[in-house]
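K.L.:
The structure is given below, and queries will be raised subsequently.
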Amino acid sequence: MAELHPQLQADTVEVGRFPLCRLLLSKDANYPWFILVPDREQVTEICQLSAEDQMQLMRESVLLSEALMRILQPDKLNIAALGNVVPQLHVHHIVRYRTDPAWPAPVWGKVSARAYDQAGMESIIVKLRDALKNSGRRTKD
């Protein structure tokens, strides 16, 4: 298993695992913000994954996106693989609402991070795990 970058370790909690990726939740409660991290060593770009892993990453991203759209009904779902600060390949899935504190701007650096309370964090994790299980395709908890 690839080691998780220290910044991702500090900023997220693990929700589950897909065949290729770890599924993480950002600790910033301003936005429902999930991150897929392929379990591959020394990969910084999607093009460095094998063709099979590229397709698996897409399948996992689509599965996550469908679940987020269904349970959270966002105005927009932002998906990005930036890696300017954290070089380890990771793909952000950020649920956006017209009422969120950064709308319509990007979320990075717009407002200070706000921590989840324990109940709020558990609630969103349970909802997402249930949605993924009910999709017929699931993460490994």
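Following the order of the structure tokens, chains are lettered A, B, ..., residues in each are numbered from 1, and ligands are numbered from 1.
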DSSP on the backbone, then: every residue of range 16-116 of chain A marked helix (DSSP H, G or I), written as a list in words.
P.N.:
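Filtering range 16-116 of chain A to helix (DSSP H, G or I) leaves Ile46, Cys47, Gln48, Ala51, Glu52, Asp53, Gln54, Met55, Gln56, Leu57, Met58, Arg59, Glu60, Ser61, Val62, Leu63, Leu64, Ser65, Glu66, Ala67, Leu68, Met69, Arg70, Ile71 and Leu72 of chain A.
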K.L.:
Would you save the residues from that selection as a PDB file, in the first residue's frame, using N, CA and C atoms?
P.N.:
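Result saved to out-v8.pdb:
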```
ATOM      1  N   ILE A  46      -2.044  11.575 -13.549  1.00  0.00           N
ATOM      2  CA  ILE A  46      -2.912  10.512 -14.043  1.00  0.00           C
ATOM      3  C   ILE A  46      -2.246   9.754 -15.189  1.00  0.00           C
ATOM      4  N   CYS A  47      -1.512  10.442 -16.045  1.00  0.00           N
ATOM      5  CA  CYS A  47      -0.864   9.795 -17.192  1.00  0.00           C
ATOM      6  C   CYS A  47       0.234   8.823 -16.774  1.00  0.00           C
ATOM      7  N   GLN A  48       0.660   8.861 -15.519  1.00  0.00           N
ATOM      8  CA  GLN A  48       1.668   7.910 -15.035  1.00  0.00           C
ATOM      9  C   GLN A  48       1.050   6.582 -14.604  1.00  0.00           C
ATOM     10  N   ALA A  51      -2.821   2.095 -18.174  1.00  0.00           N
ATOM     11  CA  ALA A  51      -4.102   2.318 -18.848  1.00  0.00           C
ATOM     12  C   ALA A  51      -5.244   1.708 -18.031  1.00  0.00           C
ATOM     13  N   GLU A  52      -5.009   0.533 -17.488  1.00  0.00           N
ATOM     14  CA  GLU A  52      -6.034  -0.117 -16.664  1.00  0.00           C
ATOM     15  C   GLU A  52      -6.347   0.711 -15.416  1.00  0.00           C
ATOM     16  N   ASP A  53      -5.306   1.229 -14.758  1.00  0.00           N
ATOM     17  CA  ASP A  53      -5.525   2.055 -13.567  1.00  0.00           C
ATOM     18  C   ASP A  53      -6.200   3.382 -13.911  1.00  0.00           C
ATOM     19  N   GLN A  54      -5.888   3.944 -15.070  1.00  0.00           N
ATOM     20  CA  GLN A  54      -6.559   5.172 -15.498  1.00  0.00           C
ATOM     21  C   GLN A  54      -8.061   4.939 -15.612  1.00  0.00           C
ATOM     22  N   MET A  55      -8.438   3.828 -16.221  1.00  0.00           N
ATOM     23  CA  MET A  55      -9.861   3.513 -16.377  1.00  0.00           C
ATOM     24  C   MET A  55     -10.506   3.223 -15.024  1.00  0.00           C
ATOM     25  N   GLN A  56      -9.782   2.564 -14.136  1.00  0.00           N
ATOM     26  CA  GLN A  56     -10.323   2.280 -12.805  1.00  0.00           C
ATOM     27  C   GLN A  56     -10.512   3.568 -12.021  1.00  0.00           C
ATOM     28  N   LEU A  57      -9.576   4.491 -12.128  1.00  0.00           N
ATOM     29  CA  LEU A  57      -9.718   5.788 -11.468  1.00  0.00           C
ATOM     30  C   LEU A  57     -10.977   6.497 -11.978  1.00  0.00           C
ATOM     31  N   MET A  58     -11.201   6.447 -13.278  1.00  0.00           N
ATOM     32  CA  MET A  58     -12.395   7.078 -13.848  1.00  0.00           C
ATOM     33  C   MET A  58     -13.658   6.412 -13.317  1.00  0.00           C
ATOM     34  N   ARG A  59     -13.672   5.074 -13.262  1.00  0.00           N
ATOM     35  CA  ARG A  59     -14.849   4.369 -12.734  1.00  0.00           C
ATOM     36  C   ARG A  59     -15.120   4.773 -11.283  1.00  0.00           C
ATOM     37  N   GLU A  60     -14.068   4.839 -10.482  1.00  0.00           N
ATOM     38  CA  GLU A  60     -14.236   5.191  -9.073  1.00  0.00           C
ATOM     39  C   GLU A  60     -14.673   6.647  -8.918  1.00  0.00           C
ATOM     40  N   SER A  61     -14.142   7.525  -9.744  1.00  0.00           N
ATOM     41  CA  SER A  61     -14.545   8.930  -9.710  1.00  0.00           C
ATOM     42  C   SER A  61     -16.016   9.090 -10.091  1.00  0.00           C
ATOM     43  N   VAL A  62     -16.446   8.374 -11.112  1.00  0.00           N
ATOM     44  CA  VAL A  62     -17.849   8.438 -11.546  1.00  0.00           C
ATOM     45  C   VAL A  62     -18.759   7.867 -10.461  1.00  0.00           C
ATOM     46  N   LEU A  63     -18.376   6.754  -9.867  1.00  0.00           N
ATOM     47  CA  LEU A  63     -19.172   6.154  -8.794  1.00  0.00           C
ATOM     48  C   LEU A  63     -19.315   7.126  -7.625  1.00  0.00           C
ATOM     49  N   LEU A  64     -18.222   7.721  -7.216  1.00  0.00           N
ATOM     50  CA  LEU A  64     -18.263   8.703  -6.129  1.00  0.00           C
ATOM     51  C   LEU A  64     -19.121   9.898  -6.525  1.00  0.00           C
ATOM     52  N   SER A  65     -18.932  10.387  -7.726  1.00  0.00           N
ATOM     53  CA  SER A  65     -19.692  11.550  -8.198  1.00  0.00           C
ATOM     54  C   SER A  65     -21.191  11.276  -8.209  1.00  0.00           C
ATOM     55  N   GLU A  66     -21.579  10.111  -8.712  1.00  0.00           N
ATOM     56  CA  GLU A  66     -23.004   9.761  -8.736  1.00  0.00           C
ATOM     57  C   GLU A  66     -23.583   9.711  -7.323  1.00  0.00           C
ATOM     58  N   ALA A  67     -22.846   9.123  -6.402  1.00  0.00           N
ATOM     59  CA  ALA A  67     -23.328   9.047  -5.020  1.00  0.00           C
ATOM     60  C   ALA A  67     -23.455  10.436  -4.411  1.00  0.00           C
ATOM     61  N   LEU A  68     -22.467  11.289  -4.625  1.00  0.00           N
ATOM     62  CA  LEU A  68     -22.521  12.646  -4.068  1.00  0.00           C
ATOM     63  C   LEU A  68     -23.679  13.441  -4.667  1.00  0.00           C
ATOM     64  N   MET A  69     -23.896  13.309  -5.964  1.00  0.00           N
ATOM     65  CA  MET A  69     -25.001  14.018  -6.602  1.00  0.00           C
ATOM     66  C   MET A  69     -26.342  13.543  -6.039  1.00  0.00           C
ATOM     67  N   ARG A  70     -26.450  12.251  -5.813  1.00  0.00           N
ATOM     68  CA  ARG A  70     -27.702  11.677  -5.332  1.00  0.00           C
ATOM     69  C   ARG A  70     -27.998  12.078  -3.882  1.00  0.00           C
ATOM     70  N   ILE A  71     -27.009  11.982  -3.012  1.00  0.00           N
ATOM     71  CA  ILE A  71     -27.299  12.211  -1.586  1.00  0.00           C
ATOM     72  C   ILE A  71     -27.191  13.666  -1.162  1.00  0.00           C
ATOM     73  N   LEU A  72     -26.370  14.460  -1.857  1.00  0.00           N
ATOM     74  CA  LEU A  72     -26.158  15.842  -1.418  1.00  0.00           C
ATOM     75  C   LEU A  72     -26.771  16.874  -2.352  1.00  0.00           C
TER      76      LEU A  72
END
```
K.L.:
Compile the contact shell of range 22-29 of chain A as a compact mmCIF listing (two decimals) with C-alpha atoms, in the first residue's frame: residues with an atom at most 7 Å away, counting only C-alpha atoms, same-chain residues fewer than 2 positions apart removed.
P.N.:
```txt
# COMPACT_ATOMS: atom_id res chain seq x y z
CA ASP A 11 -6.22 17.19 6.49
CA THR A 12 -8.46 14.15 5.97
CA VAL A 13 -10.08 11.08 7.47
CA GLU A 14 -10.40 7.80 5.61
CA VAL A 15 -13.94 6.87 4.56
CA GLY A 16 -13.16 3.62 2.76
CA ARG A 17 -11.36 2.03 -0.15
CA PHE A 18 -12.16 1.25 -3.72
CA TYR A 31 -17.79 22.01 1.88
CA PRO A 32 -18.49 18.29 1.53
CA TRP A 33 -15.04 17.53 0.09
CA PHE A 34 -13.87 14.05 -0.82
CA ILE A 35 -10.54 12.92 -2.24
CA LEU A 36 -9.59 9.81 -4.18
CA VAL A 37 -5.95 8.73 -3.80
CA PRO A 38 -4.74 5.91 -6.05
CA ASP A 39 -2.81 3.29 -4.10
CA ALA A 113 -11.22 25.82 7.25
CA ARG A 114 -14.01 24.93 9.67
CA ALA A 115 -13.79 21.66 11.59
CA TYR A 116 -16.60 19.13 11.59
```
K.L.:
Report as JSON lines: every residue of range 44-77 of chain A with an atom at most 7 Å from range 88-112 of chain A, its closest pair of atoms, and their distance in Å to one decimal, counting only C-alpha atoms, with rows sorted by chain and ascending residue number.
P.N.:
```
{"residue": "A:Thr44", "atom": "CA", "partner": "A:Leu89", "partner_atom": "CA", "distance": 4.4}
{"residue": "A:Glu45", "atom": "CA", "partner": "A:Leu89", "partner_atom": "CA", "distance": 5.8}
{"residue": "A:Pro74", "atom": "CA", "partner": "A:Tyr97", "partner_atom": "CA", "distance": 5.6}
{"residue": "A:Asp75", "atom": "CA", "partner": "A:Tyr97", "partner_atom": "CA", "distance": 5.0}
{"residue": "A:Lys76", "atom": "CA", "partner": "A:Arg96", "partner_atom": "CA", "distance": 5.1}
{"residue": "A:Leu77", "atom": "CA", "partner": "A:Val95", "partner_atom": "CA", "distance": 4.8}
```
K.L.:
I want to know what sits within 8 Å of Val86 in chain A, based on only C-alpha atoms, with residues of the same chain fewer than 3 positions away left out; could you give that as a PyMOL selection string?
P.N.:
chain A and resi 5+7-8+83+89
K.L.:
Can you pull out every residue from chain A that DSSP, working from the backbone, puts in strand (DSSP E or B), and format the result as a VMD selection string?
P.N.:
chain A and resid 12 to 17 21 to 26 28 33 to 38 76 to 80 91 to 96 115 140
K.L.:
Filtering to C-alpha atoms, could you give me those residues as a short mmCIF file (atom, residue, chain, number, x, y, z; two decimals), in the first residue's frame?
P.N.:
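Output below, filename result_6.cif:
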```
data_model
loop_
_atom_site.label_atom_id
_atom_site.label_comp_id
_atom_site.auth_asym_id
_atom_site.auth_seq_id
_atom_site.Cartn_x
_atom_site.Cartn_y
_atom_site.Cartn_z
CA THR A 12 -8.46 14.15 5.97
CA VAL A 13 -10.08 11.08 7.47
CA GLU A 14 -10.40 7.80 5.61
CA VAL A 15 -13.94 6.87 4.56
CA GLY A 16 -13.16 3.62 2.76
CA ARG A 17 -11.36 2.03 -0.15
CA CYS A 21 -8.16 4.35 -4.44
CA ARG A 22 -8.46 5.36 -0.85
CA LEU A 23 -11.53 7.51 -0.30
CA LEU A 24 -10.86 10.40 2.06
CA LEU A 25 -13.02 13.17 3.55
CA SER A 26 -11.48 16.60 4.02
CA ASP A 28 -12.99 21.23 6.22
CA TRP A 33 -15.04 17.53 0.09
CA PHE A 34 -13.87 14.05 -0.82
CA ILE A 35 -10.54 12.92 -2.24
CA LEU A 36 -9.59 9.81 -4.18
CA VAL A 37 -5.95 8.73 -3.80
CA PRO A 38 -4.74 5.91 -6.05
CA LYS A 76 -22.15 21.90 -8.92
CA LEU A 77 -19.57 19.19 -8.30
CA ASN A 78 -15.98 20.36 -8.75
CA ILE A 79 -13.52 17.61 -9.67
CA ALA A 80 -9.81 18.38 -9.93
CA VAL A 91 -8.46 13.80 -7.14
CA HIS A 92 -10.71 16.27 -5.31
CA HIS A 93 -14.50 15.93 -5.47
CA ILE A 94 -15.91 19.09 -3.92
CA VAL A 95 -19.65 19.54 -3.49
CA ARG A 96 -20.60 23.14 -4.19
CA ALA A 115 -13.79 21.66 11.59
CA LYS A 140 -14.15 -1.68 1.20
#
```
K.L.:
For CA of Leu20 in chain A and CA of Ile125 in chain A, quote the distance in Å rounded to one decimal.
P.N.:
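According to the coordinates, CA of Leu20 in chain A and CA of Ile125 in chain A are separated by 19.3 Å.
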K.L.:
Mind giving me the straight-line distance from CA of Glu41 in chain A to CA of Met1 in chain A in Å, one decimal?
P.N.:
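Answer for the CA of Glu41 in chain A to CA of Met1 in chain A separation: 8.0 Å.
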